[in-house]
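Visitor: Data file structure-v2.cif (mmCIF, C-alpha atoms and all ligand atoms) is appended below.
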```
data_coords
loop_
_atom_site.label_atom_id
_atom_site.label_comp_id
_atom_site.auth_asym_id
_atom_site.auth_seq_id
_atom_site.Cartn_x
_atom_site.Cartn_y
_atom_site.Cartn_z
CA MET A 1 59.15 -61.57 -14.90
CA GLN A 2 60.17 -65.16 -14.12
CA ILE A 3 61.78 -67.63 -16.49
CA GLN A 4 58.66 -69.76 -16.67
CA GLN A 5 56.57 -66.70 -17.53
CA PHE A 6 58.96 -65.88 -20.34
CA VAL A 7 58.71 -69.41 -21.74
CA THR A 8 54.92 -69.46 -21.41
CA GLU A 9 54.60 -66.10 -23.11
CA VAL A 10 56.68 -67.23 -26.07
CA GLN A 11 54.79 -70.51 -26.25
CA ARG A 12 51.51 -68.61 -26.51
CA GLN A 13 52.40 -67.88 -30.11
CA PRO A 14 50.94 -70.72 -32.17
CA VAL A 15 53.63 -72.76 -33.91
CA PHE A 16 51.28 -74.74 -36.13
CA ARG A 17 48.17 -73.57 -37.91
CA GLN A 18 44.98 -75.57 -37.59
CA ASP A 19 45.67 -77.43 -40.82
CA GLY A 20 49.07 -78.50 -39.45
CA LYS A 21 51.08 -75.99 -41.46
CA ARG A 22 54.20 -74.88 -39.60
CA ALA A 23 54.44 -71.25 -38.50
CA PRO A 24 57.52 -71.07 -36.27
CA ASN A 25 58.93 -67.70 -37.33
CA LYS A 26 57.94 -65.71 -34.27
CA PRO A 27 59.35 -68.13 -31.68
CA LEU A 28 62.47 -68.60 -33.81
CA THR A 29 62.91 -64.82 -33.91
CA VAL A 30 62.56 -64.61 -30.12
CA LEU A 31 65.14 -67.40 -29.80
CA PHE A 32 67.49 -65.39 -32.00
CA ALA A 33 67.18 -62.46 -29.58
CA LEU A 34 67.47 -64.78 -26.58
CA GLY A 35 70.82 -65.99 -27.90
CA LEU A 36 71.99 -62.38 -28.14
CA ALA A 37 70.79 -61.65 -24.59
CA GLY A 38 72.76 -64.60 -23.24
CA ARG A 39 75.83 -62.88 -24.64
CA CYS A 40 74.84 -59.47 -23.22
CA GLN A 41 73.65 -57.95 -26.48
CA ARG A 42 70.52 -55.97 -25.67
CA VAL A 43 69.39 -54.93 -29.15
CA ILE A 44 70.53 -55.42 -32.71
CA ARG A 45 69.81 -53.22 -35.72
CA TYR A 46 67.39 -54.92 -38.07
CA ALA A 47 69.74 -54.24 -40.97
CA ASP A 48 72.57 -56.04 -39.15
CA ALA A 49 70.42 -59.01 -38.15
CA GLU A 50 68.46 -59.54 -41.36
CA GLN A 51 70.82 -61.92 -43.11
CA ARG A 52 71.46 -64.15 -40.08
CA LEU A 53 67.81 -64.20 -39.09
CA THR A 54 66.77 -65.11 -42.63
CA GLU A 55 69.20 -68.03 -42.60
CA LEU A 56 67.85 -69.21 -39.24
CA LEU A 57 64.25 -69.13 -40.49
CA ILE A 58 65.13 -70.96 -43.71
CA ARG A 59 67.10 -73.58 -41.86
CA PHE A 60 64.60 -74.38 -39.13
CA GLY A 61 61.33 -73.23 -40.68
CA PRO A 62 59.14 -74.86 -43.30
CA PRO A 63 60.35 -74.95 -46.91
CA ARG A 64 59.93 -71.57 -48.57
CA ASP A 65 62.04 -69.21 -50.62
CA ASN A 66 61.48 -66.05 -48.62
CA PRO A 67 60.67 -66.48 -44.93
CA LYS A 68 60.03 -62.71 -44.48
CA PRO A 69 61.88 -62.12 -41.21
CA GLU A 70 60.58 -58.55 -41.12
CA GLN A 71 57.05 -59.80 -40.44
CA ALA A 72 58.01 -61.76 -37.34
CA VAL A 73 60.18 -58.96 -35.93
CA TRP A 74 57.39 -56.46 -36.49
CA ARG A 75 54.37 -58.47 -35.42
CA LEU A 76 55.86 -59.46 -32.09
CA ARG A 77 55.58 -55.86 -30.92
CA ASP A 78 52.93 -54.56 -28.54
CA ARG A 79 49.78 -53.55 -30.28
CA GLU A 80 46.47 -52.17 -29.26
CA HIS A 81 44.59 -54.64 -27.02
CA ARG A 82 47.56 -56.95 -26.90
CA ARG A 83 50.58 -56.84 -24.70
CA TYR A 84 53.55 -59.00 -25.50
CA ARG A 85 55.96 -58.61 -22.63
CA VAL A 86 59.06 -60.21 -24.07
CA TRP A 87 59.67 -58.03 -27.13
CA TYR A 88 61.13 -54.63 -27.84
CA ILE A 89 61.50 -52.59 -31.03
CA GLU A 90 63.49 -49.40 -31.04
CA ASN A 91 62.24 -46.51 -33.21
CA GLN A 92 58.99 -48.30 -33.88
CA GLU A 93 57.30 -44.95 -34.56
CA ARG A 94 59.61 -44.34 -37.52
CA VAL A 95 58.46 -47.46 -39.36
CA GLY A 96 55.50 -47.15 -41.70
CA THR A 97 53.22 -50.08 -42.50
CA VAL A 98 51.71 -51.41 -45.69
CA GLY A 99 48.93 -53.93 -46.38
CA ASP A 100 48.01 -56.20 -43.51
CA ASP A 101 50.35 -54.72 -40.89
CA ASP A 102 53.54 -55.40 -42.82
CA PRO A 103 56.39 -53.02 -41.99
CA ARG A 104 57.87 -50.92 -44.77
CA LEU A 105 61.14 -52.76 -45.26
CA SER A 106 63.20 -49.68 -46.09
CA ASP A 107 62.07 -48.01 -42.82
CA LEU A 108 62.84 -51.11 -40.80
CA ARG A 109 66.31 -51.38 -42.29
CA ALA A 110 67.04 -47.67 -41.86
CA HIS A 111 65.74 -47.08 -38.34
CA ALA A 112 64.74 -50.13 -36.34
CA ALA A 113 66.56 -52.29 -33.85
CA PHE A 114 65.06 -55.12 -31.84
CA GLY A 115 65.72 -57.42 -28.90
CA LEU A 116 64.13 -58.74 -25.73
CA SER A 117 62.22 -56.31 -23.54
CA ASP A 118 64.02 -54.91 -20.50
CA GLU A 119 62.33 -57.28 -18.07
CA ALA A 120 63.09 -60.32 -20.26
CA TYR A 121 66.64 -59.18 -20.94
CA GLU A 122 67.33 -58.92 -17.19
CA LEU A 123 66.60 -62.62 -16.81
CA PHE A 124 69.21 -63.73 -19.31
CA ALA A 125 71.86 -61.03 -19.74
CA GLY A 126 75.24 -62.67 -19.41
CA LYS A 127 73.65 -65.93 -18.23
CA PRO A 128 73.95 -68.26 -21.22
CA HIS A 129 73.07 -71.31 -19.11
CA ILE A 130 69.76 -69.81 -18.09
CA ALA A 131 69.12 -68.62 -21.65
CA ARG A 132 69.83 -72.11 -22.87
CA PHE A 133 67.38 -73.61 -20.42
CA ALA A 134 64.59 -71.32 -21.67
CA ALA A 135 65.61 -71.95 -25.29
CA GLU A 136 65.41 -75.72 -24.77
CA CYS A 137 61.88 -75.45 -23.41
CA ILE A 138 60.80 -73.35 -26.40
CA ALA A 139 62.63 -75.54 -28.93
CA ASP A 140 60.76 -78.60 -27.62
CA GLU A 141 57.58 -77.26 -29.21
CA LEU A 142 59.22 -76.36 -32.51
CA LEU A 143 61.38 -79.23 -33.67
CA PRO A 144 62.01 -82.94 -33.19
CA ASP A 145 64.78 -83.99 -30.81
CA THR A 146 67.22 -84.67 -33.63
CA GLU A 147 67.17 -80.95 -34.53
CA ARG A 148 67.08 -79.30 -31.12
CA GLU A 149 70.81 -79.11 -30.42
CA GLU A 150 71.39 -77.75 -33.93
CA LEU A 151 69.01 -74.92 -33.21
CA LEU A 152 70.65 -74.11 -29.87
CA GLU A 153 74.02 -74.07 -31.60
CA ALA A 154 72.69 -71.76 -34.33
CA ILE A 155 71.52 -69.16 -31.80
CA GLY A 156 74.84 -69.28 -29.96
CA LEU A 157 73.70 -71.37 -26.99
CA GLY A 158 75.13 -74.73 -28.05
CA GLY A 159 77.58 -76.52 -25.81
CA GLU A 160 76.56 -74.66 -22.66
CA ASP A 161 76.75 -77.12 -19.79
CA PHE A 162 74.39 -76.25 -17.01
CA ALA A 163 76.89 -77.70 -14.52
CA ASP A 164 79.09 -74.68 -15.35
CA ALA A 165 76.48 -72.21 -14.08
CA THR A 166 77.12 -70.48 -10.76
CA GLN A 167 75.43 -71.87 -7.67
CA ALA A 168 73.14 -68.86 -7.53
CA GLN A 169 72.06 -69.45 -11.13
CA GLN A 170 71.45 -73.12 -10.44
CA ALA A 171 69.38 -72.24 -7.38
CA ASP A 172 67.32 -69.89 -9.56
CA LEU A 173 66.36 -72.78 -11.76
CA GLU A 174 66.03 -75.58 -9.26
CA LEU A 175 62.26 -75.80 -9.34
CA HIS A 176 62.11 -75.54 -13.13
CA LEU A 177 64.73 -78.23 -13.51
CA THR A 178 62.66 -80.69 -11.51
CA GLU A 179 59.65 -79.99 -13.73
CA ARG A 180 61.77 -80.35 -16.82
CA GLU A 181 63.18 -83.68 -15.67
CA GLN A 182 59.61 -84.92 -15.36
CA VAL A 183 58.74 -83.71 -18.87
CA LEU A 184 61.83 -85.39 -20.30
CA SER A 185 61.21 -88.65 -18.52
CA ARG A 186 57.55 -88.74 -19.68
CA ARG A 187 58.74 -88.09 -23.21
CA SER A 188 61.35 -90.79 -23.06
CA ARG A 189 58.83 -93.38 -21.83
CA ARG A 190 56.47 -92.38 -24.61
CA TYR A 191 59.22 -92.70 -27.21
CA ALA A 192 60.25 -96.14 -25.91
CA ALA A 193 56.71 -97.48 -26.36
CA PHE A 194 56.48 -95.99 -29.87
CA ALA A 195 59.92 -97.27 -30.90
CA LYS A 196 59.21 -100.78 -29.69
CA LYS A 197 56.22 -101.28 -31.97
CA VAL A 198 57.69 -99.45 -34.99
CA LEU A 199 60.99 -101.35 -34.90
CA ALA A 200 59.15 -104.64 -34.56
CA ALA A 201 56.84 -103.81 -37.51
CA TYR A 202 59.89 -103.14 -39.69
CA ALA A 203 61.62 -106.30 -38.48
CA HIS A 204 64.46 -104.24 -36.97
CA ARG A 205 66.06 -102.93 -40.11
CA CYS A 206 66.40 -99.48 -41.59
CA ALA A 207 63.58 -98.88 -44.08
CA ILE A 208 66.05 -97.19 -46.44
CA CYS A 209 69.42 -98.94 -46.25
CA SER A 210 68.34 -102.20 -44.58
CA VAL A 211 71.09 -102.13 -41.97
CA ALA A 212 70.13 -104.34 -39.04
CA PRO A 213 73.00 -104.31 -36.53
CA LYS A 214 72.99 -106.89 -33.78
CA LEU A 215 75.34 -107.78 -30.95
CA GLY A 216 74.60 -111.36 -30.07
CA GLU A 217 70.81 -111.48 -30.12
CA ARG A 218 70.33 -107.80 -29.36
CA HIS A 219 69.52 -105.15 -31.95
CA PHE A 220 71.05 -101.70 -31.74
CA GLY A 221 71.48 -98.48 -33.72
CA LEU A 222 67.94 -98.20 -35.07
CA GLU A 223 65.41 -95.52 -34.17
CA ALA A 224 61.74 -94.79 -34.73
CA ALA A 225 61.10 -91.56 -36.62
CA HIS A 226 57.77 -89.75 -36.66
CA ILE A 227 56.81 -88.84 -40.24
CA ARG A 228 54.46 -86.13 -39.01
CA TRP A 229 56.21 -84.67 -35.98
CA VAL A 230 54.86 -85.09 -32.47
CA GLN A 231 55.06 -81.28 -32.22
CA ALA A 232 52.54 -81.10 -35.09
CA ASP A 233 50.27 -83.61 -33.35
CA GLY A 234 51.68 -86.57 -35.25
CA PRO A 235 50.41 -89.71 -33.50
CA ASP A 236 52.56 -92.50 -32.02
CA THR A 237 51.22 -95.04 -34.48
CA ILE A 238 53.04 -97.42 -36.80
CA PRO A 239 51.66 -95.74 -39.99
CA ASN A 240 53.15 -92.46 -38.71
CA GLY A 241 56.48 -94.12 -37.95
CA LEU A 242 59.53 -95.32 -39.81
CA CYS A 243 62.31 -97.54 -38.56
CA LEU A 244 65.55 -95.85 -39.61
CA CYS A 245 69.22 -95.87 -38.75
CA ARG A 246 70.41 -92.72 -37.01
CA MET A 247 71.79 -91.16 -40.18
CA HIS A 248 68.60 -91.62 -42.19
CA HIS A 249 66.49 -90.50 -39.22
CA VAL A 250 68.36 -87.19 -39.01
CA ALA A 251 68.16 -86.78 -42.80
CA LEU A 252 64.38 -87.24 -42.64
CA ASP A 253 63.86 -84.78 -39.76
CA ARG A 254 66.13 -82.23 -41.40
CA GLY A 255 64.18 -82.37 -44.65
CA ALA A 256 67.11 -83.75 -46.65
CA ILE A 257 64.95 -86.65 -47.82
CA THR A 258 61.27 -87.57 -48.05
CA PHE A 259 58.99 -90.18 -49.61
CA ASP A 260 56.23 -89.83 -52.17
CA ARG A 261 52.89 -91.59 -51.93
CA GLN A 262 54.34 -94.63 -53.69
CA LEU A 263 56.89 -94.71 -50.84
CA LYS A 264 59.75 -93.84 -53.19
CA LEU A 265 62.68 -91.88 -51.80
CA ASP A 266 63.20 -88.28 -52.89
CA ILE A 267 66.38 -86.33 -52.14
CA SER A 268 66.62 -82.58 -51.54
CA PRO A 269 68.46 -80.76 -54.33
CA HIS A 270 70.15 -78.74 -51.57
CA LEU A 271 71.84 -81.79 -50.10
CA THR A 272 75.61 -81.45 -50.49
CA ARG A 273 77.18 -84.33 -52.39
CA SER A 274 79.84 -84.73 -49.75
CA GLY A 275 81.95 -87.78 -48.92
CA GLY A 276 80.22 -91.08 -49.60
CA PHE A 277 77.04 -89.37 -50.84
CA ASP A 278 76.20 -92.16 -53.29
CA ASP A 279 76.79 -94.85 -50.71
CA TRP A 280 74.74 -93.40 -47.90
CA ILE A 281 71.84 -91.91 -49.86
CA GLY A 282 72.33 -91.31 -53.60
CA ARG A 283 71.97 -94.97 -54.54
CA TYR A 284 68.53 -95.13 -52.89
CA TYR A 285 67.01 -92.28 -54.89
CA GLY A 286 63.70 -93.41 -56.40
CA THR A 287 63.75 -96.76 -54.62
CA ARG A 288 60.81 -97.83 -52.55
CA LEU A 289 61.20 -97.93 -48.79
CA GLN A 290 61.14 -101.37 -47.24
CA ALA A 291 57.67 -101.21 -45.76
CA PRO A 292 56.32 -103.59 -43.13
CA SER A 293 54.78 -106.79 -44.43
CA ARG A 294 51.28 -105.87 -43.23
CA ALA A 295 49.61 -103.26 -45.45
CA GLU A 296 47.84 -101.57 -42.53
CA ASN A 297 51.26 -100.70 -41.11
CA HIS A 298 52.40 -98.87 -44.24
CA PRO A 299 53.03 -95.14 -43.90
CA HIS A 300 49.89 -93.03 -44.23
CA GLU A 301 49.60 -90.80 -47.27
CA GLN A 302 48.51 -87.83 -45.15
CA ALA A 303 51.61 -88.10 -42.98
CA LEU A 304 53.85 -88.33 -46.07
CA ASP A 305 52.09 -85.33 -47.64
CA TRP A 306 52.63 -83.32 -44.44
CA HIS A 307 56.31 -84.16 -44.37
CA ARG A 308 56.80 -83.22 -48.02
CA SER A 309 55.05 -79.87 -47.71
CA GLN A 310 56.24 -78.84 -44.21
CA VAL A 311 59.71 -80.34 -43.76
CA PHE A 312 61.29 -81.46 -47.04
CA LYS A 313 63.73 -78.90 -48.47
CA GLY A 314 62.57 -79.51 -52.02
ZN ZN B 1 69.66 -96.34 -42.91
#
```
Using C-alpha cells, write down the structure from this file.

Guide:
Amino acid sequence: MQIQQFVTEVQRQPVFRQDGKRAPNKPLTVLFALGLAGRCQRVIRYADAEQRLTELLIRFGPPRDNPKPEQAVWRLRDREHRRYRVWYIENQERVGTVGDDDPRLSDLRAHAAFGLSDEAYELFAGKPHIARFAAECIADELLPDTEREELLEAIGLGGEDFADATQAQQADLELHLTEREQVLSRRSRRYAAFAKKVLAAYAHRCAICSVAPKLGERHFGLEAAHIRWVQADGPDTIPNGLCLCRMHHVALDRGAITFDRQLKLDISPHLTRSGGFDDWIGRYYGTRLQAPSRAENHPHEQALDWHRSQVFKG
C-alpha cells in the first residue's frame, strides 16, 4: 500500500450525506488510529479508547449528544462484498451484533481492540511526519482551514514539522508533496477571489464587531468565512460568505456562534465565559449582524440553517 492509496481509501467514505448533513465519524476514527500509528501504537482496546474517541467525535463532528463511536469502529471493518484495506479489529468474532449491524457494546468493550491494518500501519509506524501528511490530506475534506490544525493536534500530530523528517522519509513523499503544493495553491487563489468580493460587500468591517483595521489606506485583519463550508459544497458566493475578524471567523467555524434567519447572533451555551467574554462576544448576543447594504448580498437562509444544524454547538 502507498500513502496516496491510504488517503484515497479513507476518502472513499462519504463525509456528507446527499442532503448536506455531516457524517465524518468514520474518517475521524481512522485519523484517531493514524495518530496512534505515528507514535508506534498498533492497536488500542476499545474500552481504553472509547472516552477519547467520543471527545474527538463531539469536538469535530456535527452537534449531537451521543456520537456513537462504536458504530464507526465497527462499520469500518471488512464485510462481505466489501474490502476496506486500512482497518483492523481484533477479536471481531467475539462481538455480537444487534439491529442494523450495530455491535453489542458490552462485547466491544470486553473483547475488541482496533487500529490500522498491518499494511497501513507499516506506512506510518514511528513516522509522525508521514502520518501528519496523510492526516492533512484527509482533514482537508472534513473541516475548514481554521479547524484543521486543531484536529491534527487532537490526534497527536500537531506541531510536526516536515522539515524534521529524515531524508529518506522526505524522498518517499516528494511526488505527493508536489501534488499537494498544487492543491494548496489552487485553494489559496480560490479563497483570494472569494475574499475580495465578500470583504468589499461588507465594506471591509467585521459583520459582528465592526472592527475595520487599516494601515494607511490598506485594510488588514479581516477574513471571508463560508457559512456553509466549501467541504459541504458551500459556494463561493457573497450570500454564503461573511466578512469577519479572525476571532469571530474561528468562533463561527468552531460552532461557538451562529445566526438565525433574522441574522441575529446566537451563542453556544458551551462557550466558556473566559477573559473578556462580554467584550468579544457576549455583548453582541441577539444583535443583528451588519449585513451588506444590498439585500441580494444578505446571507441565504439555507446556508444559515445548514450552519445551525451541522456546526453550531447549541
Ligand atoms: Zn469581529

Visitor: Taking only C-alpha atoms into account, which of A:Ala47, A:Ala193, A:Ala37, A:Ala139 comes nearest Gln11 (chain A)?

Guide: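 Comparing A:Ala47, A:Ala193, A:Ala37, A:Ala139 against Gln11 (chain A), the winner is A:Ala139.
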
Visitor: Emit as AutoDock Vina command-line options the padded axis-aligned box for all listed atoms of region 92-104 of chain A, 3 Å per side, with centre and edge lengths in Å to one decimal.

Guide:
```
--center_x 53.8 --center_y -50.3 --center_z -40.1 --size_x 17.6 --size_y 17.9 --size_z 18.5
```

Visitor: Around ligand ZN 1 (chain B), which protein and nucleic acid residues have at least one atom no more than 10 Å from it, if we count only C-alpha atoms and all ligand atoms? List them as a list of chain:residue names.

Guide: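 If we count only C-alpha atoms and all ligand atoms, the neighbours of ligand ZN 1 (chain B) turn out to be A:Arg205, A:Cys206, A:Ala207, A:Ile208, A:Cys209, A:Ser210, A:Val211, A:Ala212, A:Gly221, A:Leu222, A:Glu223, A:Cys243, A:Leu244, A:Cys245, A:Arg246, A:Met247, A:His248, A:His249, A:Ala251, A:Trp280, A:Ile281.
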
Visitor: Go ahead and write the selection's residues with C-alpha atoms as a PDB file, in the coordinates of the input.

Guide:
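File produced: selection19.pdb:
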```pdb
ATOM      1  CA  ARG A 205      66.060-102.930 -40.110  1.00  0.00           C
ATOM      2  CA  CYS A 206      66.400 -99.480 -41.590  1.00  0.00           C
ATOM      3  CA  ALA A 207      63.580 -98.880 -44.080  1.00  0.00           C
ATOM      4  CA  ILE A 208      66.050 -97.190 -46.440  1.00  0.00           C
ATOM      5  CA  CYS A 209      69.420 -98.940 -46.250  1.00  0.00           C
ATOM      6  CA  SER A 210      68.340-102.200 -44.580  1.00  0.00           C
ATOM      7  CA  VAL A 211      71.090-102.130 -41.970  1.00  0.00           C
ATOM      8  CA  ALA A 212      70.130-104.340 -39.040  1.00  0.00           C
ATOM      9  CA  GLY A 221      71.480 -98.480 -33.720  1.00  0.00           C
ATOM     10  CA  LEU A 222      67.940 -98.200 -35.070  1.00  0.00           C
ATOM     11  CA  GLU A 223      65.410 -95.520 -34.170  1.00  0.00           C
ATOM     12  CA  CYS A 243      62.310 -97.540 -38.560  1.00  0.00           C
ATOM     13  CA  LEU A 244      65.550 -95.850 -39.610  1.00  0.00           C
ATOM     14  CA  CYS A 245      69.220 -95.870 -38.750  1.00  0.00           C
ATOM     15  CA  ARG A 246      70.410 -92.720 -37.010  1.00  0.00           C
ATOM     16  CA  MET A 247      71.790 -91.160 -40.180  1.00  0.00           C
ATOM     17  CA  HIS A 248      68.600 -91.620 -42.190  1.00  0.00           C
ATOM     18  CA  HIS A 249      66.490 -90.500 -39.220  1.00  0.00           C
ATOM     19  CA  ALA A 251      68.160 -86.780 -42.800  1.00  0.00           C
ATOM     20  CA  TRP A 280      74.740 -93.400 -47.900  1.00  0.00           C
ATOM     21  CA  ILE A 281      71.840 -91.910 -49.860  1.00  0.00           C
TER      22      ILE A 281
END
```

Visitor: Which residues are close to Arg94 (chain A), i.e. within 9 Å by all atoms listed in the file, leaving aside same-chain residues fewer than 6 positions away? Reply as a list in words.

Guide: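 Those residues are Asp107, Leu108, His111 and Ala112 of chain A.
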
Visitor: For a quick check of understanding, using only C-alpha atoms, which of A:Leu31, A:Ala201, A:Ala225, A:Leu142 has the smallest distance to Glu296 (chain A)?

Guide: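 Between A:Leu31, A:Ala201, A:Ala225, A:Leu142, the residue approaching Glu296 (chain A) most closely is A:Ala201.
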
Visitor: Restricting the calculation to all atoms listed in the file: of A:Leu152, A:Leu28, A:Ala131, A:Leu184, which residue gets closest to Ile58 (chain A)?

Guide: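 Under the stated criterion, the closest residue is A:Leu28.
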
Visitor: Quote the spacing between CA of Leu56 (chain A) and CA of Gly20 (chain A) in Å to one decimal place.

Guide: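 Those two atoms sit 21.0 Å apart.
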
Visitor: Counting all atoms listed in the file, which residues of region 47-121 of chain A sit at most 10 Å from some atom of region 154-178 of chain A, and what is each one's closest atom pair with its distance in Å to one decimal, listed by chain and rising residue number, as a tab-separated table?

Guide:
```
residue	atom	partner	partner_atom	distance
A:Arg52	CA	A:Ala154	CA	9.6
A:Leu53	CA	A:Ile155	CA	9.6
A:Glu55	CA	A:Ala154	CA	9.7
A:Leu56	CA	A:Ala154	CA	7.4
A:Arg59	CA	A:Ala154	CA	9.6
A:Phe60	CA	A:Ala154	CA	9.8
```

Visitor: Mind pulling up the distance from CA of Pro63 (chain A) to CA of Gln51 (chain A)?

Guide: 17.1 Å

Visitor: Here is a test: counting only C-alpha atoms, which residue of A:Lys214, A:Tyr121, A:Pro235, A:His300 is nearest to Arg190 (chain A)?

Guide: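 Counting only C-alpha atoms, the residue closest to Arg190 (chain A) is A:Pro235.
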
Visitor: Check the smallest atom-to-atom distance from each of A:Val86, A:Arg187, A:Asn25, A:Ile3 to Asn66 (chain A) using all atoms listed in the file, then report the winner.

Guide: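 The shortest atom-to-atom distance to Asn66 (chain A) comes from A:Asn25.
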
Visitor: Between A:Ala23, A:Val95, A:Leu304, A:Ala256, single out the one closest to Arg273 (chain A), counting only C-alpha atoms.

Guide: A:Ala256

Visitor: CA of Thr287 (chain A) to CA of Leu265 (chain A): how many Å, to one decimal?

Guide: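 Between CA of Thr287 (chain A) and CA of Leu265 (chain A) the gap is 5.7 Å.
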
Visitor: Can you list, as a list in words, every protein, DNA or RNA residue that comes within 10 Å of Gln41 (chain A) when you count all atoms listed in the file, leaving out same-chain residues fewer than 3 positions away?

Guide: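 My reading of the contact set: Ala33, Leu34, Gly35, Leu36, Ala37, Gly38, Ile44, Gly115, Leu116, Tyr121, Ala125 and Gly126 of chain A.
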
Visitor: Got a sec: who's within 10 Å of Ala303 (chain A), counting all atoms listed in the file, leaving out chain neighbours fewer than 6 positions off, as a VMD selection string?

Guide: chain A and resid 226 to 229 234 to 235 239 to 241 261

Visitor: I'd like the neighbourhood of Asp102 (chain A) as a list of chain:residue names, where a residue qualifies if any of its atoms comes within 12 Å (using all atoms listed in the file), though same-chain residues fewer than 6 positions away should be ignored.

Guide: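 Here the qualifying residues turn out to be A:Lys68, A:Pro69, A:Glu70, A:Gln71, A:Ala72, A:Val73, A:Trp74, A:Arg75, A:Leu76, A:Val95, A:Gly96, A:Leu108.
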
Visitor: Could you give me region 195-207 of chain A completed to N, CA, C and O atoms, formatted as a short mmCIF file (atom, residue, chain, number, x, y, z; two decimals), in the frame of the given file?

Guide:
```cif
data_model
loop_
_atom_site.label_atom_id
_atom_site.label_comp_id
_atom_site.auth_asym_id
_atom_site.auth_seq_id
_atom_site.Cartn_x
_atom_site.Cartn_y
_atom_site.Cartn_z
N ALA A 195 58.80 -96.64 -30.19
CA ALA A 195 59.92 -97.27 -30.90
C ALA A 195 59.77 -98.79 -30.89
O ALA A 195 60.03 -99.46 -31.90
N LYS A 196 59.32 -99.33 -29.78
CA LYS A 196 59.21 -100.78 -29.69
C LYS A 196 58.32 -101.33 -30.79
O LYS A 196 58.66 -102.28 -31.49
N LYS A 197 57.13 -100.71 -30.97
CA LYS A 197 56.22 -101.28 -31.97
C LYS A 197 56.66 -100.97 -33.40
O LYS A 197 56.49 -101.79 -34.30
N VAL A 198 57.26 -99.79 -33.63
CA VAL A 198 57.69 -99.45 -34.99
C VAL A 198 58.85 -100.35 -35.42
O VAL A 198 58.85 -100.91 -36.52
N LEU A 199 59.84 -100.52 -34.54
CA LEU A 199 60.99 -101.35 -34.90
C LEU A 199 60.57 -102.79 -35.16
O LEU A 199 61.07 -103.43 -36.10
N ALA A 200 59.61 -103.27 -34.36
CA ALA A 200 59.15 -104.64 -34.56
C ALA A 200 58.43 -104.76 -35.90
O ALA A 200 58.63 -105.73 -36.65
N ALA A 201 57.60 -103.75 -36.24
CA ALA A 201 56.84 -103.81 -37.51
C ALA A 201 57.78 -103.83 -38.71
O ALA A 201 57.47 -104.44 -39.74
N TYR A 202 58.92 -103.18 -38.58
CA TYR A 202 59.89 -103.14 -39.69
C TYR A 202 60.97 -104.22 -39.55
O TYR A 202 62.01 -104.15 -40.21
N ALA A 203 60.71 -105.17 -38.67
CA ALA A 203 61.62 -106.30 -38.48
C ALA A 203 63.05 -105.84 -38.16
O ALA A 203 64.03 -106.44 -38.62
N HIS A 204 63.16 -104.73 -37.44
CA HIS A 204 64.46 -104.24 -36.97
C HIS A 204 65.48 -104.05 -38.08
O HIS A 204 66.61 -104.55 -38.00
N ARG A 205 65.05 -103.35 -39.13
CA ARG A 205 66.06 -102.93 -40.11
C ARG A 205 65.66 -101.57 -40.67
O ARG A 205 64.47 -101.24 -40.72
N CYS A 206 66.66 -100.82 -41.08
CA CYS A 206 66.40 -99.48 -41.59
C CYS A 206 65.58 -99.59 -42.87
O CYS A 206 65.92 -100.35 -43.78
N ALA A 207 64.49 -98.80 -42.94
CA ALA A 207 63.58 -98.88 -44.08
C ALA A 207 64.23 -98.37 -45.36
O ALA A 207 63.73 -98.60 -46.45
#
```
